[in-house]
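Have a look at query14.pdb below; it lists PDB, C-alpha atoms.
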```pdb
ATOM      1  CA  MET K   6      34.668-119.479  60.104  1.00  0.00           C
ATOM      2  CA  ARG K   7      35.164-115.915  61.288  1.00  0.00           C
ATOM      3  CA  ARG K   8      31.406-115.337  61.375  1.00  0.00           C
ATOM      4  CA  LEU K   9      30.913-118.480  63.494  1.00  0.00           C
ATOM      5  CA  ILE K  10      33.505-117.297  65.998  1.00  0.00           C
ATOM      6  CA  LEU K  11      31.820-113.885  66.269  1.00  0.00           C
ATOM      7  CA  ILE K  12      28.429-115.510  66.836  1.00  0.00           C
ATOM      8  CA  LEU K  13      29.834-117.771  69.554  1.00  0.00           C
ATOM      9  CA  ILE K  14      31.520-114.836  71.273  1.00  0.00           C
ATOM     10  CA  PHE K  15      28.234-112.925  71.211  1.00  0.00           C
ATOM     11  CA  LEU K  16      26.256-115.871  72.609  1.00  0.00           C
ATOM     12  CA  PHE K  17      28.657-116.559  75.459  1.00  0.00           C
ATOM     13  CA  THR K  18      28.885-112.921  76.519  1.00  0.00           C
ATOM     14  CA  ALA K  19      25.343-111.621  75.908  1.00  0.00           C
ATOM     15  CA  LEU K  20      23.084-114.430  77.110  1.00  0.00           C
ATOM     16  CA  PRO K  21      24.318-114.856  80.696  1.00  0.00           C
ATOM     17  CA  ALA K  22      24.037-111.108  81.365  1.00  0.00           C
ATOM     18  CA  GLY K  23      20.295-111.261  82.122  1.00  0.00           C
ATOM     19  CA  ALA K  24      20.350-114.287  84.399  1.00  0.00           C
ATOM     20  CA  LYS K  25      20.586-113.522  88.110  1.00  0.00           C
ATOM     21  CA  ASP K  26      20.783-115.711  91.194  1.00  0.00           C
ATOM     22  CA  PHE K  27      19.718-114.719  94.700  1.00  0.00           C
ATOM     23  CA  TYR K  28      19.823-116.786  97.875  1.00  0.00           C
ATOM     24  CA  ILE K  29      17.251-116.383 100.644  1.00  0.00           C
ATOM     25  CA  ALA K  30      16.883-117.976 104.072  1.00  0.00           C
ATOM     26  CA  ALA K  31      14.484-117.800 106.990  1.00  0.00           C
ATOM     27  CA  LYS K  32      16.843-115.229 108.561  1.00  0.00           C
ATOM     28  CA  GLN K  33      19.548-113.081 106.991  1.00  0.00           C
ATOM     29  CA  ALA K  34      22.963-114.747 106.934  1.00  0.00           C
ATOM     30  CA  GLY K  35      26.258-112.871 107.035  1.00  0.00           C
ATOM     31  CA  THR K  36      26.155-109.626 105.058  1.00  0.00           C
ATOM     32  CA  GLY K  37      22.771-110.389 103.492  1.00  0.00           C
ATOM     33  CA  SER K  38      24.043-109.736  99.974  1.00  0.00           C
ATOM     34  CA  GLY K  39      22.224-112.805  98.641  1.00  0.00           C
ATOM     35  CA  THR K  40      25.207-114.143  96.678  1.00  0.00           C
ATOM     36  CA  GLY K  41      25.227-117.507  98.484  1.00  0.00           C
ATOM     37  CA  CYS K  42      23.741-119.388 101.418  1.00  0.00           C
ATOM     38  CA  SER K  43      26.389-117.960 103.753  1.00  0.00           C
ATOM     39  CA  THR K  44      25.229-114.432 102.810  1.00  0.00           C
ATOM     40  CA  ALA K  45      21.538-115.137 102.157  1.00  0.00           C
ATOM     41  CA  LYS K  46      18.939-112.389 102.183  1.00  0.00           C
ATOM     42  CA  PRO K  47      16.006-112.835 104.611  1.00  0.00           C
ATOM     43  CA  TYR K  48      12.761-114.238 103.172  1.00  0.00           C
ATOM     44  CA  THR K  49      11.114-110.872 103.897  1.00  0.00           C
ATOM     45  CA  TRP K  50      13.245-109.382 101.085  1.00  0.00           C
ATOM     46  CA  PHE K  51      11.644-111.881  98.693  1.00  0.00           C
ATOM     47  CA  ASN K  52       8.160-110.880  99.847  1.00  0.00           C
ATOM     48  CA  ASN K  53       8.798-107.139  99.444  1.00  0.00           C
ATOM     49  CA  VAL K  54       7.272-105.759  96.219  1.00  0.00           C
ATOM     50  CA  ALA K  55      10.283-103.415  95.854  1.00  0.00           C
ATOM     51  CA  SER K  56      12.502-106.499  95.359  1.00  0.00           C
ATOM     52  CA  TRP K  57      10.627-107.396  92.171  1.00  0.00           C
ATOM     53  CA  GLY K  58      11.388-105.730  88.844  1.00  0.00           C
ATOM     54  CA  THR K  59      14.027-105.523  86.165  1.00  0.00           C
ATOM     55  CA  GLY K  60      16.800-103.806  88.131  1.00  0.00           C
ATOM     56  CA  ALA K  61      20.144-105.471  88.853  1.00  0.00           C
ATOM     57  CA  SER K  62      19.209-106.128  92.486  1.00  0.00           C
ATOM     58  CA  GLN K  63      15.619-107.188  91.774  1.00  0.00           C
ATOM     59  CA  ILE K  64      13.890-110.479  91.033  1.00  0.00           C
ATOM     60  CA  GLY K  65      12.726-110.472  87.430  1.00  0.00           C
ATOM     61  CA  PRO K  66      12.443-112.673  84.354  1.00  0.00           C
ATOM     62  CA  GLY K  67      15.215-115.264  84.268  1.00  0.00           C
ATOM     63  CA  THR K  68      16.122-114.841  87.949  1.00  0.00           C
ATOM     64  CA  THR K  69      16.680-117.959  90.058  1.00  0.00           C
ATOM     65  CA  VAL K  70      15.979-117.659  93.783  1.00  0.00           C
ATOM     66  CA  HIS K  71      17.592-120.384  95.883  1.00  0.00           C
ATOM     67  CA  LEU K  72      16.162-121.362  99.270  1.00  0.00           C
ATOM     68  CA  CYS K  73      18.764-121.986 101.977  1.00  0.00           C
ATOM     69  CA  GLY K  74      18.255-123.903 105.199  1.00  0.00           C
ATOM     70  CA  THR K  75      14.978-124.740 106.881  1.00  0.00           C
ATOM     71  CA  PHE K  76      11.821-122.642 106.817  1.00  0.00           C
ATOM     72  CA  ILE K  77       9.557-123.416 109.782  1.00  0.00           C
ATOM     73  CA  GLY K  78       6.001-122.182 109.918  1.00  0.00           C
ATOM     74  CA  THR K  79       2.950-122.585 112.105  1.00  0.00           C
ATOM     75  CA  ALA K  80       0.039-124.733 110.960  1.00  0.00           C
ATOM     76  CA  GLY K  81      -2.740-122.549 109.585  1.00  0.00           C
ATOM     77  CA  ALA K  82      -0.502-119.462 109.412  1.00  0.00           C
ATOM     78  CA  THR K  83      -0.044-117.215 106.397  1.00  0.00           C
ATOM     79  CA  VAL K  84       2.326-118.419 103.688  1.00  0.00           C
ATOM     80  CA  ALA K  85       5.905-117.300 104.411  1.00  0.00           C
ATOM     81  CA  ILE K  86       6.988-116.814 100.776  1.00  0.00           C
ATOM     82  CA  SER K  87       4.800-115.028  98.232  1.00  0.00           C
ATOM     83  CA  THR K  88       5.660-114.719  94.534  1.00  0.00           C
ATOM     84  CA  ARG K  89       4.643-111.779  92.388  1.00  0.00           C
ATOM     85  CA  LYS K  90       2.736-111.911  89.117  1.00  0.00           C
ATOM     86  CA  ARG K  91       4.637-110.998  85.964  1.00  0.00           C
ATOM     87  CA  HIS K  92       2.482-107.906  85.284  1.00  0.00           C
ATOM     88  CA  GLU K  93       3.568-106.346  88.577  1.00  0.00           C
ATOM     89  CA  TYR K  94       7.117-105.603  87.299  1.00  0.00           C
TER      90      TYR K  94
END
```
Transcribe the structure of this file into structure tokens.
Amino acid sequence: MRRLILILIFLFTALPAGAKDFYIAAKQAGTGSGTGCSTAKPYTWFNNVASWGTGASQIGPGTTVHLCGTFIGTAGATVAISTRKRHEY
């Protein structure tokens, strides 16, 4: 029983540590910290190669990026949001 409790404690404390969430919008909202839609980072942060990697403030494996609000583009224009390939980390 003790071993099971230790395993559960490990699973509930170790697994969530790697998962990150960022929020982006067409324009920066509030402080731009990216912790919610009211403080969303601008989409240009998402497109910046420096925002991709394994650091605490970077988009990497296991990261969820939430889109907030409306993104409006022009027909025939370049794509507004560009993802990075895994090997670029």
Using the chain letters and residue numbers of this document, give as a PDB file with C-alpha atoms, keeping the file's coordinate frame the residues selected by the PyMOL selection byres ((chain K and resi 86) around 8).
```
ATOM      1  CA  TYR K  48      12.761-114.238 103.172  1.00  0.00           C
ATOM      2  CA  THR K  49      11.114-110.872 103.897  1.00  0.00           C
ATOM      3  CA  PHE K  51      11.644-111.881  98.693  1.00  0.00           C
ATOM      4  CA  ASN K  52       8.160-110.880  99.847  1.00  0.00           C
ATOM      5  CA  VAL K  84       2.326-118.419 103.688  1.00  0.00           C
ATOM      6  CA  ALA K  85       5.905-117.300 104.411  1.00  0.00           C
ATOM      7  CA  SER K  87       4.800-115.028  98.232  1.00  0.00           C
ATOM      8  CA  THR K  88       5.660-114.719  94.534  1.00  0.00           C
TER       9      THR K  88
END
```
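You can rank K:Gly81, K:Gly58, K:Pro66, K:Gly74 by their closest distance to Ala30 in chain K using all atoms listed in the file, and at the top of that list sits K:Gly74.
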Around all of range 27-31 of chain K's listed atoms, make the axis-aligned box with 4 Å on each side and tell me centre and edge lengths in Å to one decimal, as JSON.
```
{"center_x": 17.2, "center_y": -116.3, "center_z": 100.8, "size_x": 13.3, "size_y": 11.3, "size_z": 20.3}
```
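Between Trp57 in chain K and the candidates K:Val70, K:Ile12, K:Thr44, K:Gly78, the tightest atom-to-atom separation, counting only C-alpha atoms, involves K:Val70.
All protein and nucleic acid residues in the vicinity of (23.5, -106.1, 90.9), that is within 12 Å when counting only C-alpha atoms, are Ala22, Gly23, Ala24, Lys25, Asp26, Phe27, Ser38, Gly39, Thr40, Ser56, Thr59, Gly60, Ala61, Ser62, Gln63, Ile64 and Thr68 of chain K.
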From CA of Ile77 in chain K to CA of Gly65 in chain K the spacing works out at 26.0 Å
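Atom to atom, CA of Ala80 in chain K and CA of Gln33 in chain K stand 23.1 Å apart.
Going from CA of Pro47 in chain K over to CA of Ala34 in chain K, you cover 7.6 Å.
With distances restricted to all atoms listed in the file, K:Leu72 is the closest residue to Ala31 in chain K from K:Gly67, K:Arg7, K:Leu72, K:Val54.
For the choices K:His71, K:Thr83, K:Arg8, K:Ala55, the atom-to-atom distance to Ile29 in chain K is smallest for K:His71 when using all atoms listed in the file.
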Top pick for closest residue to Thr75 in chain K, considering K:Met6, K:Gly41, K:Lys46, K:Lys32 and counting all atoms listed in the file: K:Lys32
